[in-house]
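In what follows, a single structure is set out as structure tokens and then discussed.
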Amino acid sequence: MVEDFQSWLESYDLEKLFSDKRDKETIDKEMFLFVKSNDFDNYFSFDGELGALYEKEGTLLRVWTPTAKSVEVWTYTDDSIKRPSQKVAMVQKPKGIFEAYLPGDQHGTIYVYNIMFLNNRETITVDPYARATTVNGIKSVITDLLRTNPDGWGERLPAFGLPEEAIIYELHIRDFSISETSGIVNKGKFLGLIEKNTKNPSGLSTGLDHLIDLGITHVQILPLFDYATVDEANLTKPQYNWGYDPLNYNVPEGSYSSNPFDPFNRIIELKQMIQTLHANGLRVIMDVVYNHVYDPKDQALERTVPGYFYRYNADGSLANGTGVGNDTASERHMMRKYIIDSVIYWAKEYHLDGFRFDLMGIHDSVTMNAIREALDKIDPSIILIGEGWEMSTPLPEDLKASQRNAQAMPRIAHFNDSIRIALKGSDFGDETDRGFISGKNYQEDLLLRNIKGGMHLSSHSSYVDPEQVIQYVEAHDNLTLYDKLLRSNPKDSEEVRIKRHTLATSILLLAQGIPFIHGGQEFLRTKEGVANSYQSPDEINQFEWERVTMFQQSVAYVKGLIALRKSEYLFRLHTHEEIDAHFTTLSENFNIVAFSLQDEAKKYIVVFNANRNDTIFRMEKRKYAILVEDNQVFLDRKPEAAVMESILVKAHTTSVFYVENQ
């Protein structure tokens with residue numbers, strides 16, 4: 001019990017206990033066990049603000065480090081100077097808190113913490129709560145955030161509509177603009193994402209204009225916080241990373257700014273990027289990676305409270321469900337607080353509209369629900385999605401934030417790998433595996449259950465509403481769909497390959513749930529067969545904007561399907577009960593999936609033909625308008641309805657027709 005633990009603390013001299021004459025290995029082991037205990041977690045839990053609490057009159061620095069016996073804050077007048085200009089002893093407070101007050105306007109003051117632990121180990125670290133840093137995240141910088149607001153920076157956007165109204169488009173800052181074919185000046189930068197009137201060599205729109213023209217609602221951006229493996233001080237050197245190697249969680253990545261040596265420039269330019277996207281009707285989802293750190297020994301969390309923030313196996317080794325050497329322990333009070341504090345900070349300070357949790361299955365559902373609750377207080381329409389994979393980490397199965405436990409996490413969405421596999425086959429093991437679009441038989445029933453918003457996928461997930469389902473067929477990792485089709489159907493002509501590809505995108509955009517498009521999917525993006533291109537060069541990862549010209553029909557088709565979806569609520573129903581009431585299965589045999597969506601006034605019939613041959617689809621003799629046919633969308637055809645009782649659906653294509661209920 002905490003009470004007993006408190007008595008124990010009061011009766012022992014911790015400094016003496018952990019700094020006596022015994023060998024250091026024994027002392028370190030006892031310290032490790034002490035920090036890992038539940039009593040430690042309960043007793044030292046702190047719910048106040050941490051970090052550099054700036055005011056013009058002075059800044060309060062506050063750090064949580066319960067196993068420290070003394071802490072100094074070292075300040076620097078210049079990042080190039082190795083010796084601190086002053087060393088200020090911090091005052092110990094209850095709950096493991098150390099504080100120091102620096103009078104006067106400290107905006108721009110550079111600082112680190114020097115910590116002496118009870119076991120006489122010493123460390124120097126950046127502030128885990130730092131909001132600005134020097135180049136490469138080496139030192140923290142006190143920041144008056146008001147001075148980082150661009151002109152016209154106001155309040156958050158008004159609340160978004162229902163989650164199913166979102167159409168998410170994923171991109172990487174560098175990939176988006178780095179190609180010479182982009183016509184963008186600020187290549188690979190925050191500002192490159194918001195340049196207007198940019199063209200490819202053929203004169204077609206690229207960049208921001210292309211996104212606006214598509215009609216998407218949300219841009220999901222691969223990690224844009226400060227990550228470790230790109231040297232910000234040497235950007236002329238060829239280097240690349242997706243950014244899933246966290247360093248400073250609350251600081252923007254410096255390599256995406258025009259001046260990584262200026263600690264405030266990256267903040268200002270990121271805000272300018274978000275401000276311009278918002279002004280053009282596009283909301284921003286941030287890809288966050290709280291499930292692991294890049295280097296567990298040198299990360300600021302570990303340096304302030306060694307042994308506390310990570311999850312461990314029974315033998316004392318670091319858990320490795322992430323596959324990269326460590327798992328953070330979201331179930332521990334101060335790790336949970338850290339994640340929640342960080343998400344709230346990004347949402348409030350940067351006006352973000354959503355968060356995508358990398359490897360969300362590493363986290364516990366209690367933490368994810370607490371994040372949802374915290375975001376609801378800011379804006380309930382903020383989208384919260386994640387990879388709810390089953391992760392092998394020492395956390396009880398019923399507490400993992402996985403698809404199987406989706407019913408325990410309402411209003412949190414999961415990437416639905418079931419529809420991805422049904423459409424194109426597995427991305428793992430046999431890359432030649434096929435799905436519905438690529439010629440595999442008997443996928444109709446599984447595909448229909450997924451199209452209905454993931455209903456009745458009990459062996460795979462426990463979705464309770466379509467808003468919990470992210471419908472996708474490709475993302476930044478694994479092969480692009482185009483490259484997958486090259487592997488699974490190598491004998492196809494290019495014409496057939498395009499049709500298979502476009503059929504998959506059609507299904508996603510006409511399915512219930514939240515559609516997700518990987519950046520470049522609309523122009524059949526290829527990475528030359530490289531699956532996980534997280535460190536591949538620009539030649540592999542860049543958006544090849546000339547493909548907009550090569551695949552103009554595909555781009556126009558995706559634009560048309562997005563417009564169709566946005567025009568009709570029946571394609572984005574909000575509950576499974578609504579889906580049951582409005583959705584009728586018409587066919588699920590012989591590589592044909594067909595269904596109708598209807599209300600009192602109208603009916604839509606959707607037919608997906610995955611066969612190599614055209615097929616005749618028969619329906620009740622009525623007056624129909626064909627809205628989608630042979631990879632084209634005709635939203636203006638409703639007045640041109642004609643009497644028919646059958647329709648020719650071409651091979652590997654989608655047909656949608658409309659009838660008014662009399």
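In the structure tokens, each chain is lettered A, B, ... as it comes, each chain's residues begin at 1, and ligands are numbered from 1 in order of appearance.
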Next on the checklist: I need the residues of segment 254-487 of chain A that end up classed as alpha helix (DSSP H) by DSSP on the backbone, written out as a ChimeraX atom specification.
Outcome noted: /A:265-279,300-304,333-350,365-376,417-424,444-451,481-487
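Once segment 76-92 of chain A and its same-chain neighbours fewer than 4 positions away are set aside, Val71, Glu72, Ile97, Phe98, Glu99, Ala100, Thr109, Ile110, Tyr111 and Thr134 of chain A remain within 7 Å of it when counting only C-alpha atoms.
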Checklist entry - Mind pulling up the distance from atom CA of Asp364 of chain A to atom CA of Ala408 of chain A? => result 10.7 Å
Give me the residues of segment 253-358 of chain A that have any atom at most 8 Å from an atom of segment 187-201 of chain A; for each, the nearest atom pair and the distance in Å, rounded to one decimal. Use only C-alpha atoms, sort by chain and number, and format it as a tab-separated table.
```
residue	atom	partner	partner_atom	distance
A:Ser255	CA	A:Lys189	CA	7.4
A:Tyr256	CA	A:Lys189	CA	4.2
A:Ser257	CA	A:Lys189	CA	5.7
A:Ser258	CA	A:Lys189	CA	7.0
A:Glu269	CA	A:Phe190	CA	6.3
A:Leu270	CA	A:Phe190	CA	5.9
A:Gln272	CA	A:Leu191	CA	7.5
A:Met273	CA	A:Leu191	CA	6.0
A:Thr276	CA	A:Ile194	CA	6.4
A:Leu277	CA	A:Ile194	CA	6.8
```
Item to check | Spatial neighbours of segment 487-492 of chain A, 12 Å, only C-alpha atoms, chain gap at least 2 places, as a PyMOL selection string | outcome: chain A and resi 424-427+430-440+479-485+494-501+528-531+612
Export C-alpha atoms of the chosen residues as a CSV table (one decimal), in the first residue's frame?
```csv
chain,number,residue,atom,x,y,z
A,424,LYS,CA,-4.7,-7.3,-52.5
A,425,GLY,CA,-3.5,-10.2,-50.4
A,426,SER,CA,-1.0,-10.3,-47.6
A,427,ASP,CA,1.9,-7.8,-47.4
A,430,ASP,CA,4.6,-14.3,-49.9
A,431,GLU,CA,4.5,-11.0,-51.8
A,432,THR,CA,2.8,-12.8,-54.7
A,433,ASP,CA,-0.3,-13.4,-52.5
A,434,ARG,CA,-3.4,-12.1,-54.2
A,435,GLY,CA,-6.8,-10.6,-53.1
A,436,PHE,CA,-10.1,-9.7,-54.7
A,437,ILE,CA,-8.8,-7.2,-57.1
A,438,SER,CA,-5.9,-9.4,-58.2
A,439,GLY,CA,-7.7,-12.7,-59.0
A,440,LYS,CA,-8.1,-14.6,-55.7
A,479,LEU,CA,4.8,-2.2,-51.1
A,480,THR,CA,2.7,0.4,-52.8
A,481,LEU,CA,-0.3,-1.2,-54.4
A,482,TYR,CA,1.2,-0.6,-57.9
A,483,ASP,CA,4.4,-2.5,-56.8
A,484,LYS,CA,2.3,-5.2,-55.1
A,485,LEU,CA,0.4,-5.8,-58.4
A,494,GLU,CA,-0.2,-2.1,-67.9
A,495,GLU,CA,-3.8,-1.4,-68.8
A,496,VAL,CA,-5.1,-4.3,-66.7
A,497,ARG,CA,-2.8,-3.3,-63.8
A,498,ILE,CA,-4.2,0.2,-63.8
A,499,LYS,CA,-7.7,-1.2,-63.7
A,500,ARG,CA,-7.0,-3.5,-60.8
A,501,HIS,CA,-5.4,-0.6,-59.0
A,528,GLU,CA,10.5,0.6,-57.5
A,529,GLY,CA,9.6,-2.4,-55.5
A,530,VAL,CA,11.1,-1.2,-52.2
A,531,ALA,CA,8.7,-2.1,-49.4
A,612,ARG,CA,-11.1,-10.5,-66.4
```
Checklist entry - Hey, which of A:Glu30, A:Asp379, A:Glu387, A:Asp315 ends up closest to Ala413 of chain A? Count only C-alpha atoms. => result A:Glu387
Next on the checklist: List as a list in words the protein and nucleic acid residues near segment 44-51 of chain A, meaning an atom at most 8 Å away when only C-alpha atoms are counted, but skip any in the same chain fewer than 6 places from it.
Outcome noted: Leu61, Arg62, Val63, Trp64, Pro66, Lys95, Gly96, Asp127, Pro128, Tyr129, Ala130, His333, Met334 and Lys337 of chain A
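Closest approach to Val606 of chain A from the set A:Asn313, A:Thr393, A:Asn591, A:Thr654 is made by A:Thr654, with distances taken over only C-alpha atoms.
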Residue list (strand (DSSP E), DSSP) for segment 328-480 of chain A, as a compact mmCIF listing (two decimals) with N, CA, C and O atoms, in the first residue's frame:
```txt
# COMPACT_ATOMS: atom_id res chain seq x y z
N GLY A 354 -5.94 16.11 -35.65
CA GLY A 354 -5.98 14.67 -35.46
C GLY A 354 -4.62 14.11 -35.14
O GLY A 354 -3.58 14.77 -35.34
N PHE A 355 -4.61 12.88 -34.65
CA PHE A 355 -3.37 12.19 -34.28
C PHE A 355 -3.46 10.74 -34.74
O PHE A 355 -4.46 10.06 -34.51
N ARG A 356 -2.41 10.28 -35.39
CA ARG A 356 -2.30 8.89 -35.82
C ARG A 356 -1.22 8.24 -34.97
O ARG A 356 -0.06 8.63 -35.00
N PHE A 357 -1.61 7.23 -34.18
CA PHE A 357 -0.69 6.59 -33.25
C PHE A 357 0.01 5.40 -33.90
O PHE A 357 -0.61 4.39 -34.22
N ILE A 383 -9.65 13.93 -34.75
CA ILE A 383 -9.62 12.52 -35.12
C ILE A 383 -8.49 11.82 -34.38
O ILE A 383 -7.36 12.34 -34.28
N LEU A 384 -8.78 10.63 -33.85
CA LEU A 384 -7.79 9.82 -33.15
C LEU A 384 -7.79 8.44 -33.76
O LEU A 384 -8.77 7.71 -33.68
N ILE A 385 -6.69 8.09 -34.43
CA ILE A 385 -6.58 6.81 -35.12
C ILE A 385 -5.24 6.16 -34.80
O ILE A 385 -4.32 6.82 -34.30
N GLY A 386 -5.13 4.87 -35.07
CA GLY A 386 -3.86 4.21 -34.77
C GLY A 386 -3.78 2.82 -35.35
O GLY A 386 -4.75 2.25 -35.85
N ALA A 413 -10.18 5.13 -33.90
CA ALA A 413 -10.21 4.33 -35.11
C ALA A 413 -8.94 3.51 -35.28
O ALA A 413 -7.87 3.88 -34.78
N HIS A 414 -9.08 2.40 -36.02
CA HIS A 414 -7.97 1.47 -36.25
C HIS A 414 -7.78 1.27 -37.76
O HIS A 414 -8.76 1.20 -38.50
N PHE A 415 -6.54 1.14 -38.17
CA PHE A 415 -6.27 0.76 -39.55
C PHE A 415 -6.78 -0.65 -39.78
O PHE A 415 -6.38 -1.59 -39.08
N VAL A 469 -13.13 2.54 -38.11
CA VAL A 469 -12.55 1.74 -39.19
C VAL A 469 -11.88 2.64 -40.22
O VAL A 469 -12.55 3.43 -40.91
N ILE A 470 -10.56 2.53 -40.33
CA ILE A 470 -9.81 3.22 -41.38
C ILE A 470 -9.68 2.26 -42.55
O ILE A 470 -9.01 1.22 -42.46
N GLN A 471 -10.30 2.60 -43.68
CA GLN A 471 -10.32 1.73 -44.85
C GLN A 471 -9.17 2.10 -45.78
O GLN A 471 -9.13 3.21 -46.32
```
Next on the checklist: I'd like the contact shell of Ala511 of chain A - 9 Å cut-off, only C-alpha atoms, skipping same-chain residues fewer than 4 positions apart - returned as a ChimeraX atom specification.
Outcome noted: /A:450-453,471,506-507,515,571-572
Based on the selection just made, write N, CA, C and O atoms of those residues as a PDB file, in the first residue's frame.
```pdb
ATOM      1  N   ASN A 450     -16.265  -6.039 -44.676  1.00  0.00           N
ATOM      2  CA  ASN A 450     -15.406  -4.872 -44.500  1.00  0.00           C
ATOM      3  C   ASN A 450     -16.032  -3.624 -45.104  1.00  0.00           C
ATOM      4  O   ASN A 450     -15.973  -2.536 -44.517  1.00  0.00           O
ATOM      5  N   ILE A 451     -16.645  -3.765 -46.272  1.00  0.00           N
ATOM      6  CA  ILE A 451     -17.302  -2.626 -46.898  1.00  0.00           C
ATOM      7  C   ILE A 451     -18.410  -2.086 -46.010  1.00  0.00           C
ATOM      8  O   ILE A 451     -18.676  -0.877 -45.973  1.00  0.00           O
ATOM      9  N   LYS A 452     -19.029  -2.970 -45.235  1.00  0.00           N
ATOM     10  CA  LYS A 452     -20.102  -2.558 -44.320  1.00  0.00           C
ATOM     11  C   LYS A 452     -19.543  -1.960 -43.025  1.00  0.00           C
ATOM     12  O   LYS A 452     -20.218  -1.966 -42.000  1.00  0.00           O
ATOM     13  N   GLY A 453     -18.342  -1.455 -43.072  1.00  0.00           N
ATOM     14  CA  GLY A 453     -17.772  -0.792 -41.898  1.00  0.00           C
ATOM     15  C   GLY A 453     -17.164  -1.755 -40.906  1.00  0.00           C
ATOM     16  O   GLY A 453     -17.165  -1.490 -39.697  1.00  0.00           O
ATOM     17  N   GLN A 471     -10.301   2.599 -43.680  1.00  0.00           N
ATOM     18  CA  GLN A 471     -10.323   1.727 -44.852  1.00  0.00           C
ATOM     19  C   GLN A 471      -9.169   2.104 -45.777  1.00  0.00           C
ATOM     20  O   GLN A 471      -9.130   3.209 -46.320  1.00  0.00           O
ATOM     21  N   SER A 506     -11.474   2.501 -55.736  1.00  0.00           N
ATOM     22  CA  SER A 506     -12.931   2.681 -55.798  1.00  0.00           C
ATOM     23  C   SER A 506     -13.604   2.075 -54.578  1.00  0.00           C
ATOM     24  O   SER A 506     -14.495   2.687 -53.972  1.00  0.00           O
ATOM     25  N   ILE A 507     -13.209   0.863 -54.242  1.00  0.00           N
ATOM     26  CA  ILE A 507     -13.844   0.146 -53.132  1.00  0.00           C
ATOM     27  C   ILE A 507     -13.654   0.907 -51.825  1.00  0.00           C
ATOM     28  O   ILE A 507     -14.581   1.047 -51.025  1.00  0.00           O
ATOM     29  N   PRO A 515     -12.205   6.560 -45.287  1.00  0.00           N
ATOM     30  CA  PRO A 515     -11.240   6.193 -46.328  1.00  0.00           C
ATOM     31  C   PRO A 515      -9.889   6.873 -46.130  1.00  0.00           C
ATOM     32  O   PRO A 515      -9.815   8.029 -45.703  1.00  0.00           O
ATOM     33  N   PHE A 571     -23.150   7.025 -48.362  1.00  0.00           N
ATOM     34  CA  PHE A 571     -21.813   6.434 -48.500  1.00  0.00           C
ATOM     35  C   PHE A 571     -20.953   6.624 -47.245  1.00  0.00           C
ATOM     36  O   PHE A 571     -19.819   6.156 -47.201  1.00  0.00           O
ATOM     37  N   ARG A 572     -21.499   7.299 -46.256  1.00  0.00           N
ATOM     38  CA  ARG A 572     -20.715   7.575 -45.047  1.00  0.00           C
ATOM     39  C   ARG A 572     -21.632   7.566 -43.825  1.00  0.00           C
ATOM     40  O   ARG A 572     -21.658   8.509 -43.046  1.00  0.00           O
TER      41      ARG A 572
END
```
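Of the listed residues (A:Ile168, A:Val135, A:Leu561, A:Ile212), A:Val135 comes nearest to Asp262 of chain A; the distances count only C-alpha atoms.
Each of A:Phe523, A:Tyr472, A:Trp545, A:Phe117 was compared to Leu509 of chain A using only C-alpha atoms, and A:Tyr472 turns out to be the nearest.
Going from atom CA of Ala314 of chain A to atom CA of Asp39 of chain A covers 18.0 Å.
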Next on the checklist: I'd like the contact shell of Leu510 of chain A - 12 Å cut-off, only C-alpha atoms, skipping same-chain residues fewer than 5 positions apart - returned as an MDAnalysis selection string.
Outcome noted: chainID A and resid 164:165 167 448 450:453 471:472 503:505 515:516 558 560:573 594:597 604:608 628 654:656
Item to check | Polymer residues at most 10 Å from Lys297 of chain A, only C-alpha atoms, same-chain spacing of 6 or more positions, as a PyMOL selection string | outcome: chain A and resi 303+306-307
Select from segment 211-271 of chain A every residue with an atom at most 8 Å from any atom of segment 139-149 of chain A, then for each give the shortest pair of atoms and their distance in Å to one decimal, using only C-alpha atoms, rows by chain and rising number, as a tab-separated table.
```
residue	atom	partner	partner_atom	distance
A:Pro263	CA	A:Val141	CA	7.3
A:Phe264	CA	A:Thr148	CA	6.5
A:Asn265	CA	A:Thr148	CA	7.9
A:Ile267	CA	A:Thr148	CA	6.3
A:Ile268	CA	A:Thr148	CA	5.0
A:Lys271	CA	A:Asn149	CA	7.0
```
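If only C-alpha atoms are the atoms counted, then among A:Gly137, A:Pro238, A:Gly321, A:Gly161 the closest residue to Thr125 of chain A is A:Gly137.
Minimum atom-to-atom distance to Asp445 of chain A, evaluated using only C-alpha atoms, belongs to A:Thr585 out of A:Thr585, A:Gln468, A:Gln632, A:Gln275.
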Item to check | Pairwise distance for atom CA of Val305 of chain A and atom CA of Ala132 of chain A, rounded to one decimal in Å | outcome: 21.2 Å
